[in-house]
Amino acid sequence: MFRLLPLVLIITLSACSLTPGMNMQKDNNLSELDLPVMKSGKMVKQKTPIVPITADLIIARENARQQMFNNLPPVSPDKAIYRIGPHDRLQVTVWEHPELNDPGGEEILPELAGKPVDDNGNFYYPYVGDLHVEGKTVSEVRTLLTRELSKYFKKVKLDIRVLSFQSHRAAVVGEVKSPGIQAMNETPLTVAEAISRAGGVTEHADMGNVALARDGKLYKIDVLSLYEKGGTTQNLLLKDGDVLNIPDSKDNKVFVMGEVGRQQALQINKGRMTLSQALAEAYGVDFNSSRPEDIYVIRPGDMKPEIFQLNAESPDALILADQFALQPHDTVFVGTAGVTKFSRVLNQILPGSFTSIMTRAAFVGM
């Protein structure tokens with residue numbers, strides 16, 4: 001037995017250097033490695049701070065998330081009224097003047113009925129000539145045309161309607177069943193209406209991160225909140241030129257590593273997963289072999305990496321874990337206890353478990 005003691009001492013002294021597996025190293029609450037970071041439009045190297053997961057952090061992050069979804073363009077009631085534009089087709093009916101309604105008495109194909117608004121926003125009508133109607137409502141054009149025709153006819157009564165809506169369009173792309181261009185009509189086109197017209201979303205749609213491109217800016221819309229919680233502020237009114245993109249969720253995964261029941265990649269469902277849910281899905285933390293105070297969330301952040309640390313020595317910390325929201329591509333890492341790492345070193349180097357070696361040594365000594 002005494003002949004084995006030098007070997008055991010050597011292994012004990014060098015256990016740290018021989019420890020298998022990964023271990024999170026910290027230097028004054030900074031990452032051990034320099035990481036690539038985007039600053040002022042340039043890539044630089046710097047260490048990333050390791051931020052404790054606390055109630056203050058969770059509150060600040062949730063407020064920032066709510067602010068992002070509330071930072072939507074203002075909606076003017078005037079935008080809900082359809083305004084005529086180029087390529088719309090208008091049908092004018094003047095009562096008691098059939099010659100104005102159907103010149104020549106010829107039958108006209110439905111798609112060619114009415115009169116088009118030209119590229120300059122002008123609309124031609126007999127006796128009146130060109131009327132500039134772009135940007136005007138149907139009611140405003142009716143009043144304008146009635147006034148002009150009254151110069152030639154008495155007691156003019158007429159009606160106007162839009163036969164073909166062509167001037168205002170929005171695109172709905174991504175994870176919908178029928179992506180494409182949608183024409184706007186007299187019924188205001190909202191986000192929910194546009195998705196419905198596109199046949200609804202597919203099973204892979206990420207409803208919590210819908211993107212709206214408008215006037216060179218990108219806005220995030222939480223459509224999931226609209227459907228499940230009635231968040232009507234997210235049901236934005238669309239306007240001409242908008243592009244609504246419903247992203248897919250197939251790549252929305254969280255990776256769980258370290259001292260958990262099962263290391264794996266987890267799919268984020270319905271746009272939300274908390275730290276406690278990720279640990280539970282990975283069959284929990286192995287408290288016999290882990291360091292509960294060393295639970296990390298490593299976030300790549302599109303060249304803006306972040307590292308968070310949860311100290312779960314106290315059961316109260318599980319409340320924080322349940323309120324800390326994860327993001328796609330986060331890595332949850334649970335550190336390994338020192339005694340566990342030493343045991344693994346012995347099992348890798350010695351021909352069998354440390355216990356069996358000592359048992360055989362004792363037998364030899366006898």
# chains A, B, ... in the order shown; residues from 1 in each chain; ligands from 1
>>> select_by_dssp(residues="stretch 116-336 of chain A", states="alpha helix (DSSP H)", output="PyMOL selection string")
chain A and resi 138-149+191-197+223-229+275-281+317-323
>>> write_last_selection(atoms="N, CA and C atoms", output="compact mmCIF listing (two decimals), in the first residue's frame")
# COMPACT_ATOMS: atom_id res chain seq x y z
N VAL A 138 -62.21 59.01 -51.41
CA VAL A 138 -63.34 58.89 -52.34
C VAL A 138 -64.33 60.03 -52.13
N SER A 139 -64.57 60.38 -50.89
CA SER A 139 -65.50 61.48 -50.59
C SER A 139 -65.00 62.80 -51.14
N GLU A 140 -63.70 63.04 -51.02
CA GLU A 140 -63.13 64.30 -51.52
C GLU A 140 -63.20 64.37 -53.05
N VAL A 141 -62.96 63.25 -53.73
CA VAL A 141 -63.05 63.23 -55.20
C VAL A 141 -64.50 63.42 -55.64
N ARG A 142 -65.43 62.82 -54.90
CA ARG A 142 -66.85 63.00 -55.24
C ARG A 142 -67.24 64.48 -55.18
N THR A 143 -66.83 65.15 -54.13
CA THR A 143 -67.14 66.58 -53.99
C THR A 143 -66.50 67.39 -55.11
N LEU A 144 -65.24 67.08 -55.44
CA LEU A 144 -64.52 67.81 -56.48
C LEU A 144 -65.17 67.61 -57.85
N LEU A 145 -65.51 66.37 -58.19
CA LEU A 145 -66.09 66.09 -59.50
C LEU A 145 -67.51 66.67 -59.61
N THR A 146 -68.26 66.61 -58.53
CA THR A 146 -69.61 67.21 -58.55
C THR A 146 -69.52 68.70 -58.83
N ARG A 147 -68.58 69.35 -58.21
CA ARG A 147 -68.43 70.79 -58.42
C ARG A 147 -68.05 71.10 -59.87
N GLU A 148 -67.17 70.31 -60.46
CA GLU A 148 -66.73 70.58 -61.83
C GLU A 148 -67.84 70.28 -62.84
N LEU A 149 -68.59 69.19 -62.65
CA LEU A 149 -69.67 68.86 -63.58
C LEU A 149 -70.84 69.82 -63.46
N VAL A 191 -51.56 44.26 -39.01
CA VAL A 191 -50.65 43.11 -38.98
C VAL A 191 -51.45 41.81 -38.94
N ALA A 192 -52.45 41.74 -38.07
CA ALA A 192 -53.25 40.52 -37.95
C ALA A 192 -54.00 40.24 -39.24
N GLU A 193 -54.56 41.28 -39.87
CA GLU A 193 -55.28 41.11 -41.12
C GLU A 193 -54.35 40.63 -42.23
N ALA A 194 -53.15 41.19 -42.29
CA ALA A 194 -52.19 40.80 -43.33
C ALA A 194 -51.78 39.34 -43.18
N ILE A 195 -51.55 38.90 -41.94
CA ILE A 195 -51.17 37.50 -41.71
C ILE A 195 -52.34 36.58 -42.06
N SER A 196 -53.55 37.00 -41.73
CA SER A 196 -54.73 36.21 -42.07
C SER A 196 -54.90 36.08 -43.58
N ARG A 197 -54.71 37.19 -44.31
CA ARG A 197 -54.82 37.14 -45.77
C ARG A 197 -53.77 36.23 -46.38
N VAL A 223 -46.18 39.49 -32.10
CA VAL A 223 -47.51 39.04 -32.53
C VAL A 223 -48.04 37.97 -31.59
N LEU A 224 -47.15 37.21 -30.96
CA LEU A 224 -47.58 36.19 -30.00
C LEU A 224 -48.33 36.85 -28.85
N SER A 225 -47.84 38.00 -28.39
CA SER A 225 -48.52 38.74 -27.33
C SER A 225 -49.88 39.23 -27.80
N LEU A 226 -49.97 39.61 -29.07
CA LEU A 226 -51.24 40.05 -29.64
C LEU A 226 -52.26 38.92 -29.62
N TYR A 227 -51.85 37.72 -30.00
CA TYR A 227 -52.77 36.59 -30.08
C TYR A 227 -53.11 36.00 -28.72
N GLU A 228 -52.13 35.92 -27.82
CA GLU A 228 -52.34 35.21 -26.56
C GLU A 228 -52.75 36.13 -25.40
N LYS A 229 -52.36 37.42 -25.48
CA LYS A 229 -52.64 38.32 -24.36
C LYS A 229 -53.46 39.54 -24.77
N LEU A 275 -34.17 30.25 -17.81
CA LEU A 275 -33.01 29.46 -17.39
C LEU A 275 -33.45 28.21 -16.64
N SER A 276 -34.44 28.34 -15.78
CA SER A 276 -34.90 27.17 -15.02
C SER A 276 -35.54 26.14 -15.93
N GLN A 277 -36.28 26.59 -16.97
CA GLN A 277 -36.87 25.64 -17.91
C GLN A 277 -35.79 24.88 -18.67
N ALA A 278 -34.72 25.58 -19.07
CA ALA A 278 -33.64 24.92 -19.79
C ALA A 278 -32.96 23.87 -18.92
N LEU A 279 -32.72 24.20 -17.66
CA LEU A 279 -32.08 23.23 -16.76
C LEU A 279 -33.00 22.03 -16.51
N ALA A 280 -34.30 22.29 -16.38
CA ALA A 280 -35.25 21.20 -16.15
C ALA A 280 -35.33 20.29 -17.38
N GLU A 281 -35.34 20.89 -18.58
CA GLU A 281 -35.39 20.10 -19.82
C GLU A 281 -34.14 19.23 -19.97
N ALA A 317 -32.53 31.21 -5.40
CA ALA A 317 -32.01 31.58 -6.71
C ALA A 317 -32.82 30.95 -7.84
N LEU A 318 -33.55 29.89 -7.53
CA LEU A 318 -34.35 29.26 -8.56
C LEU A 318 -35.47 30.18 -9.04
N ILE A 319 -35.90 31.12 -8.18
CA ILE A 319 -36.89 32.11 -8.61
C ILE A 319 -36.27 33.02 -9.66
N LEU A 320 -35.04 33.44 -9.42
CA LEU A 320 -34.34 34.26 -10.41
C LEU A 320 -34.16 33.49 -11.72
N ALA A 321 -33.83 32.20 -11.61
CA ALA A 321 -33.63 31.38 -12.81
C ALA A 321 -34.92 31.27 -13.61
N ASP A 322 -36.06 31.23 -12.92
CA ASP A 322 -37.33 31.10 -13.62
C ASP A 322 -37.76 32.41 -14.27
N GLN A 323 -37.15 33.51 -13.87
CA GLN A 323 -37.51 34.81 -14.43
C GLN A 323 -36.46 35.34 -15.41
>>> residues_around(residues="A:Ile268", least_positions_apart="5", cutoff="7 Å", atoms="only C-alpha atoms", output="PyMOL selection string")
chain A and resi 252-253+273
>>> residues_around(residues="A:Arg83", least_positions_apart="2", cutoff="7 Å", atoms="only C-alpha atoms", output="list in words")
Ile81, Gly85, Gly135, Lys136 and Thr137 of chain A
>>> write_last_selection(atoms="C-alpha atoms", output="compact mmCIF listing (two decimals), in the first residue's frame")
# COMPACT_ATOMS: atom_id res chain seq x y z
CA ILE A 81 -58.81 56.10 -44.57
CA GLY A 85 -53.27 56.73 -55.90
CA GLY A 135 -53.87 61.48 -52.05
CA LYS A 136 -57.59 62.26 -51.89
CA THR A 137 -60.34 60.13 -50.36
>>> residues_around(residues="stretch 257-267 of chain A", least_positions_apart="2", cutoff="9 Å", atoms="only C-alpha atoms", output="PyMOL selection string")
chain A and resi 21-23+249-255+269+273+278-287+289-291+328+331-337
>>> write_last_selection(atoms="C-alpha atoms", output="PDB file, in the first residue's frame")
ATOM      1  CA  GLY A  21     -13.496  18.736 -19.252  1.00  0.00           C
ATOM      2  CA  MET A  22     -14.310  22.423 -19.349  1.00  0.00           C
ATOM      3  CA  ASN A  23     -14.092  24.889 -16.515  1.00  0.00           C
ATOM      4  CA  SER A 249     -37.991  29.328 -35.222  1.00  0.00           C
ATOM      5  CA  LYS A 250     -36.066  26.248 -36.395  1.00  0.00           C
ATOM      6  CA  ASP A 251     -32.743  27.832 -35.421  1.00  0.00           C
ATOM      7  CA  ASN A 252     -34.018  29.175 -32.080  1.00  0.00           C
ATOM      8  CA  LYS A 253     -32.111  26.790 -29.840  1.00  0.00           C
ATOM      9  CA  VAL A 254     -30.412  26.924 -26.446  1.00  0.00           C
ATOM     10  CA  PHE A 255     -27.417  24.704 -25.689  1.00  0.00           C
ATOM     11  CA  ASN A 269     -41.117  27.143 -28.046  1.00  0.00           C
ATOM     12  CA  MET A 273     -37.582  29.864 -22.438  1.00  0.00           C
ATOM     13  CA  ALA A 278     -33.639  24.916 -19.790  1.00  0.00           C
ATOM     14  CA  LEU A 279     -32.084  23.234 -16.756  1.00  0.00           C
ATOM     15  CA  ALA A 280     -35.246  21.196 -16.153  1.00  0.00           C
ATOM     16  CA  GLU A 281     -35.389  20.096 -19.816  1.00  0.00           C
ATOM     17  CA  ALA A 282     -31.772  18.925 -19.423  1.00  0.00           C
ATOM     18  CA  TYR A 283     -32.884  16.708 -16.500  1.00  0.00           C
ATOM     19  CA  GLY A 284     -31.723  19.163 -13.878  1.00  0.00           C
ATOM     20  CA  VAL A 285     -28.414  20.082 -12.263  1.00  0.00           C
ATOM     21  CA  ASP A 286     -26.333  17.258 -10.787  1.00  0.00           C
ATOM     22  CA  PHE A 287     -25.737  18.733  -7.335  1.00  0.00           C
ATOM     23  CA  SER A 289     -20.884  16.746  -9.128  1.00  0.00           C
ATOM     24  CA  SER A 290     -21.570  20.422  -9.905  1.00  0.00           C
ATOM     25  CA  ARG A 291     -20.827  23.810  -8.431  1.00  0.00           C
ATOM     26  CA  PRO A 328     -31.628  31.877 -29.220  1.00  0.00           C
ATOM     27  CA  THR A 331     -25.258  28.415 -23.958  1.00  0.00           C
ATOM     28  CA  VAL A 332     -26.090  27.368 -20.390  1.00  0.00           C
ATOM     29  CA  PHE A 333     -23.019  25.964 -18.652  1.00  0.00           C
ATOM     30  CA  VAL A 334     -22.984  24.358 -15.192  1.00  0.00           C
ATOM     31  CA  GLY A 335     -19.552  24.199 -13.582  1.00  0.00           C
ATOM     32  CA  THR A 336     -17.952  21.075 -12.121  1.00  0.00           C
ATOM     33  CA  ALA A 337     -17.082  20.639  -8.447  1.00  0.00           C
TER      34      ALA A 337
END
>>> closest_residue(among="A:Leu72, A:Ile59, A:Ile50, A:Val210", to="A:Gly174", atoms="only C-alpha atoms")
A:Val210
>>> closest_residue(among="A:Gly301, A:Gly208, A:Pro116, A:Gly241", to="A:Lys270", atoms="only C-alpha atoms")
A:Gly208
>>> closest_residue(among="A:Leu35, A:Ala198, A:Arg65, A:Leu238", to="A:Val176", atoms="only C-alpha atoms")
A:Ala198
>>> select_by_dssp(residues="stretch 25-92 of chain A", states="strand (DSSP E or B)", output="MDAnalysis selection string")
chainID A and resid 26 30:31 35:39 42:46 49:52 89:92
>>> write_last_selection(atoms="C-alpha atoms", output="PDB file, in the first residue's frame")
ATOM      1  CA  LYS A  26     -12.633  34.296 -14.215  1.00  0.00           C
ATOM      2  CA  LEU A  30     -13.988  39.203 -16.617  1.00  0.00           C
ATOM      3  CA  SER A  31     -13.785  36.404 -19.143  1.00  0.00           C
ATOM      4  CA  LEU A  35     -13.438  37.929 -27.364  1.00  0.00           C
ATOM      5  CA  PRO A  36     -14.228  39.634 -30.697  1.00  0.00           C
ATOM      6  CA  VAL A  37     -16.497  42.639 -30.072  1.00  0.00           C
ATOM      7  CA  MET A  38     -18.007  45.189 -32.445  1.00  0.00           C
ATOM      8  CA  LYS A  39     -17.340  48.742 -31.238  1.00  0.00           C
ATOM      9  CA  LYS A  42     -14.967  48.057 -35.955  1.00  0.00           C
ATOM     10  CA  MET A  43     -13.995  44.632 -34.634  1.00  0.00           C
ATOM     11  CA  VAL A  44     -11.800  44.713 -31.529  1.00  0.00           C
ATOM     12  CA  LYS A  45     -10.671  42.234 -28.871  1.00  0.00           C
ATOM     13  CA  GLN A  46     -11.601  42.627 -25.239  1.00  0.00           C
ATOM     14  CA  PRO A  49     -17.663  41.226 -17.961  1.00  0.00           C
ATOM     15  CA  ILE A  50     -19.357  38.396 -16.064  1.00  0.00           C
ATOM     16  CA  VAL A  51     -22.610  39.861 -14.764  1.00  0.00           C
ATOM     17  CA  PRO A  52     -24.414  38.302 -11.756  1.00  0.00           C
ATOM     18  CA  ARG A  89     -59.460  52.291 -61.236  1.00  0.00           C
ATOM     19  CA  LEU A  90     -62.438  54.490 -60.360  1.00  0.00           C
ATOM     20  CA  GLN A  91     -66.022  54.014 -61.413  1.00  0.00           C
ATOM     21  CA  VAL A  92     -68.203  57.131 -61.609  1.00  0.00           C
TER      22      VAL A  92
END
>>> closest_residue(among="A:Val243, A:Ile221, A:Ile58, A:Ala325", to="A:Gln182", atoms="only C-alpha atoms")
A:Val243
>>> closest_residue(among="A:Glu62, A:Val156, A:Gln67, A:Ala312", to="A:Ile295", atoms="only C-alpha atoms")
A:Ala312
>>> residues_around(residues="A:Ile246", least_positions_apart="4", cutoff="7 Å", atoms="only C-alpha atoms", output="NGL selection string")
:A and (173-175 or 205-207 or 210-211)
>>> atom_distance(atom1="atom CA of A:Glu99", atom2="atom CA of A:Asn122")
21.8 Å
